[in-house]
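Single-structure report; data block below.
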Amino acid sequence: MTTPYTPFRVINCNIERRPSLSRNFHHLNTSLSSAFKTILRELRQVPMQIDASGTIKNASVKILDAFVDSVFEFADQPLLPSQVTTNFRPIHFRQHSHACTDKRVRNSNFAPVDELKEAVLITEIEGNIPDNFQEGVYIRNGPNPLFGRLKITKSIFGRSSHMWVEGEGMLHALYFTKASDGSWNVVYNNRHVETETFKLEKQRNKPSFLPAAEGDSPAVLSAFLLNSLRFGKVNKEMSNTNIFKHSGKLYSIAETDIPQEIDIFTLKTCNNWDVNGSWKRPFSSHPKRVPDTGELVIMGVDPIKPFFEVGVVSADGKKLIHKVDLKLKRCTLSHEIGVTQRLIKYNGEEYARIGIMPRYGDSDSIKWFEVEPSCCFHIFNSFEDDGEVVVWGCRALDSIVPGPDMGVDKFEWFSRRFRPLNSDEKNMNTSTEDGLLFSRCYEWRLNMQTGEVRERNLIGTKFSMDFPIINEHFTGVQNRFGYTQVVDSIASSTSGLAKYGGLAKLYFEEADTRFTLIKRHCEEPIKVEYHMFEANTFCTGSAFVPKHGGVEEDDGWIITFVHNEDSNTSQVYVIDTKKFSCEPVAKITLPCRVPYGFHGAFMPISLPT
């Protein structure tokens, strides 16, 4: 269920590529000599009479900056094979009053884009936005590195680099307003999340934080140390993973830090949200609203003690009404949390444990359940059912956030694991590493009286799935339907990066009718309906939009950002969940390319006209 990690995430050096020890020392001597000459020049500019701690601090930062500039060389990370192309062209959108130019397109939609200077009115919509669609804003978060591609550094200490989940957050928003005559106005905007570290590097106008996620051990350790000394932080505040709403306010979040409040109308970054000073640690990317009470359950994972804390925020967002240290013995990477009407679910410290705790409980009140080893980053829902806690999630045999064993060849590491499954999981040869990232919808049933665990796959091996969503009105209570993004395993394996070539609707209470006439296995698949896109078209940030005045759980639409890599066109699709496999009811063409990202949400609000 979880992937343990240590504070230092490093890759072992390849000994065969190292120069001899004597050459290393000679190179180290020469490089340090040059570095200290630069530092000496900086020292001469420091005032001789120092009478303030601020002056000392500024002088120290200048000296350290001079050392970093002399010893470390920043460079763009090498492009993956799928990103290298001779078809390099700017894209001009002329249908709008002010053209939008994307000069960095390389036939890869993982590349960053520039901010728009103002919101753009959408003029190209195929189909119709339904009359009973809700007014509101559809927002998706995702990485958009400030200075082009993610960086690597080279130095006397070796190499260090960012990992694929990094990059400053950018919000992409689509605003839906209905005019008095019943017609729809749709406006698009994008904007970086301006964290403190974003503003710092933007003011410096150059990369300043040394990558500290992966690389040679000395390089990663020196990055940790130098970032801490210069900026008081080991890593940048990314805020690129998710967005959520609580007590009428919108927040952007990545689980490495606290959230940023966002003005929902302008996308301007307002303030950091630490619940009035009571939460000073990382914050879950997937906080959950409690059914009925409106409270917000959060968690924070840290590489230093306390490793894992859970909190409950009041419905008005002004007070932390409960906080507990789970007293784990090691740090774990835990990305998701679930709630029921009375209980919360979180991932524990080992590879295969689920813990159940009363909402206002403490570490002694946790009931642990041993489960089959796996990795689950996202869940659909969790709820109580006749003495059992039921958890539905997306489960794979390996983590998409790799550890130190990944090696230097990222493309090969991801490419093998994204391959489709050719056999059932029980018959897999895990030593080949093929298909280990194939993610299947899964069920855990945890009996609170007996401690028994029942678990099973809910789907077969036709498609890998992730990024599950439900109608949020059913969070924490039993639901009938769920939706996921469908992984294109071939495209993902070819590119070395996850690509989602369709959507799926899961019917949790209905069996797959294809299995009714043959001998059923104990893992009977549930019914799944698919909405697959045209070739080389992929989605991110899918969200459920409840129908205004809807009665049934699946009365609504799936809305998602979609990009066609052949035409290099980005759109938003609106898909009727009652007619899931049919064509989208609306395809909204966007004025600029929208890079692939992470999570999205639809916020029903009344927008100014």
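If you're wondering about the labels, chains in the structure tokens are A, B, ... by order shown, residues count from 1 in each chain, ligands from 1 in order shown.
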
* Sel. of strand (DSSP E) residues, region 395-604 of chain A, as a ChimeraX atom specification -> /A:395-396,440-447,453-457,464-469,481-487,500-511,526-532,537-546,556-564,569-576,586-589,600-604

Check which residues of region 215-257 of chain A sit at most 12 Å from region 299-302 of chain A using only C-alpha atoms, and return one row each with the closest pair of atoms and their distance in Å to one decimal, ordered by chain and rising number, as a Markdown table.
| residue | atom | partner | partner_atom | distance |
| --- | --- | --- | --- | --- |
| A:Ala254 | CA | A:Gly300 | CA | 11.0 |
| A:Glu255 | CA | A:Gly300 | CA | 7.5 |
| A:Thr256 | CA | A:Val301 | CA | 8.1 |
| A:Asp257 | CA | A:Gly300 | CA | 8.8 |

Would you save the residues of that selection, restricted to C-alpha atoms, as a PDB file, in the first residue's frame?
ATOM      1  CA  ALA A 254       1.573  19.364  -3.390  1.00  0.00           C
ATOM      2  CA  GLU A 255       2.160  17.131  -0.403  1.00  0.00           C
ATOM      3  CA  THR A 256       5.694  18.405   0.228  1.00  0.00           C
ATOM      4  CA  ASP A 257       4.430  21.647   1.771  1.00  0.00           C
TER       5      ASP A 257
END

* Do you know which residues are at most 12 Å from Leu146 (chain A) counting only C-alpha atoms, after dropping those on the same chain fewer than 3 positions away, and could you put them as a PyMOL selection string? -> chain A and resi 76+111-115+143+149-151+166-170+191-195+197-209+236+238

* Residues of region 187-427 of chain A in alpha helix (DSSP H) according to DSSP, as an NGL selection string? -> :A and (196-204 or 217-231 or 410-417)

* **Distance query region 276-284 of chain A at most 10 Å, only C-alpha atoms, self and fewer than 4 positions along chain excluded, as a ChimeraX atom specification** => /A:242,253-259,272,288,297-302,306,308-311,313,317-321,323,334-337

* Structure fact -> Among A:Glu126, A:Asp555, A:Asp325, A:Glu196, Ser239 (chain A) is approached most closely, using only C-alpha atoms, by A:Glu196

* **Shell around Arg417 (chain A) at 7 Å using only C-alpha atoms, local window under 6 positions removed, as number ranges by chain** => A: 433-437

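Proximity of A:Asn564, A:Ser155, A:Thr484, A:Asn471 to Val528 (chain A), computed with only C-alpha atoms, is greatest for A:Thr484.
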
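The shortest atom-to-atom distance to Phe561 (chain A), with only C-alpha atoms taken into account, belongs to A:Val594 out of A:Val594, A:Leu221, A:Cys582, A:Met448.
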
* To do: Using only C-alpha atoms, determine which residues lie at most 6 Å from Lys587 (chain A), disregarding the query and same-chain residues fewer than 4 positions distant; provide the list as a ChimeraX atom specification.
  => /A:125-126,572-573

* Taking only C-alpha atoms into account, which of A:Phe377, A:Phe231, A:Trp413, A:Phe467 comes nearest Ala543 (chain A)? -> A:Phe467

* Asked: Neighbours of region 588-591 of chain A within 8 Å (only C-alpha atoms; same-chain residues fewer than 2 positions away dropped), as number ranges by chain?
  -> A: 93, 96, 100, 120, 122, 124-126, 188, 569-573, 586, 593

Would you export the selected residues with N, CA, C and O atoms as a compact mmCIF listing (two decimals), in the first residue's frame, please?
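Result written to result-v2.txt:
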# COMPACT_ATOMS: atom_id res chain seq x y z
N PHE A 93 -2.44 30.85 -32.82
CA PHE A 93 -3.90 30.75 -32.80
C PHE A 93 -4.46 32.11 -33.19
O PHE A 93 -4.37 33.08 -32.44
N HIS A 96 -8.54 34.28 -32.21
CA HIS A 96 -8.85 35.13 -31.07
C HIS A 96 -8.32 36.54 -31.32
O HIS A 96 -7.45 36.76 -32.16
N CYS A 100 -2.01 33.69 -29.58
CA CYS A 100 -1.26 33.01 -28.53
C CYS A 100 -0.21 32.15 -29.19
O CYS A 100 -0.53 31.31 -30.03
N VAL A 120 -8.99 34.47 -21.94
CA VAL A 120 -9.38 34.44 -23.35
C VAL A 120 -10.78 33.86 -23.48
O VAL A 120 -11.08 32.79 -22.94
N ILE A 122 -13.53 31.83 -25.25
CA ILE A 122 -13.54 30.70 -26.17
C ILE A 122 -14.58 30.95 -27.27
O ILE A 122 -15.72 31.32 -27.00
N GLU A 124 -14.61 28.59 -30.16
CA GLU A 124 -14.77 27.37 -30.96
C GLU A 124 -15.24 26.23 -30.07
O GLU A 124 -14.47 25.66 -29.30
N ILE A 125 -16.54 25.91 -30.18
CA ILE A 125 -17.13 24.81 -29.42
C ILE A 125 -17.90 23.92 -30.39
O ILE A 125 -18.81 24.38 -31.08
N GLU A 126 -17.51 22.65 -30.43
CA GLU A 126 -18.22 21.66 -31.24
C GLU A 126 -19.24 20.97 -30.35
O GLU A 126 -18.91 20.46 -29.29
N TYR A 188 -11.10 30.88 -20.85
CA TYR A 188 -9.93 30.11 -20.41
C TYR A 188 -8.85 31.03 -19.86
O TYR A 188 -8.62 32.13 -20.38
N THR A 569 -3.34 20.10 -30.75
CA THR A 569 -4.50 20.90 -30.32
C THR A 569 -4.96 20.42 -28.95
O THR A 569 -5.10 19.21 -28.72
N SER A 570 -5.22 21.36 -28.06
CA SER A 570 -5.76 21.05 -26.73
C SER A 570 -7.23 21.43 -26.68
O SER A 570 -7.63 22.50 -27.16
N GLN A 571 -8.03 20.54 -26.09
CA GLN A 571 -9.46 20.77 -25.96
C GLN A 571 -9.92 20.35 -24.57
O GLN A 571 -9.16 19.73 -23.81
N VAL A 572 -11.15 20.69 -24.25
CA VAL A 572 -11.84 20.14 -23.08
C VAL A 572 -13.06 19.39 -23.58
O VAL A 572 -13.85 19.94 -24.36
N TYR A 573 -13.19 18.14 -23.17
CA TYR A 573 -14.35 17.32 -23.54
C TYR A 573 -15.34 17.31 -22.38
O TYR A 573 -14.96 17.25 -21.21
N ALA A 586 -19.88 18.06 -25.89
CA ALA A 586 -19.20 19.30 -26.28
C ALA A 586 -17.70 19.07 -26.32
O ALA A 586 -17.14 18.37 -25.48
N ARG A 593 -1.93 25.49 -26.10
CA ARG A 593 -1.65 24.13 -25.67
C ARG A 593 -1.68 24.05 -24.14
O ARG A 593 -1.19 24.92 -23.45

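Separating CA of Gly355 (chain A) from CA of Met163 (chain A) is a distance of 29.3 Å.
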
* Structure fact -> Using only C-alpha atoms, the shortest atom-to-atom distance to Asn235 (chain A) among A:Gly501, A:Gly556, A:Gly361, A:Pro211 belongs to A:Pro211

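Here CA of Val545 (chain A) is placed at a distance of 28.4 Å from CA of Thr461 (chain A).
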
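If you measure from each of A:Phe580, A:Trp557, A:Phe602, A:Tyr596 to Val165 (chain A) using only C-alpha atoms, the closest one turns out to be A:Tyr596.
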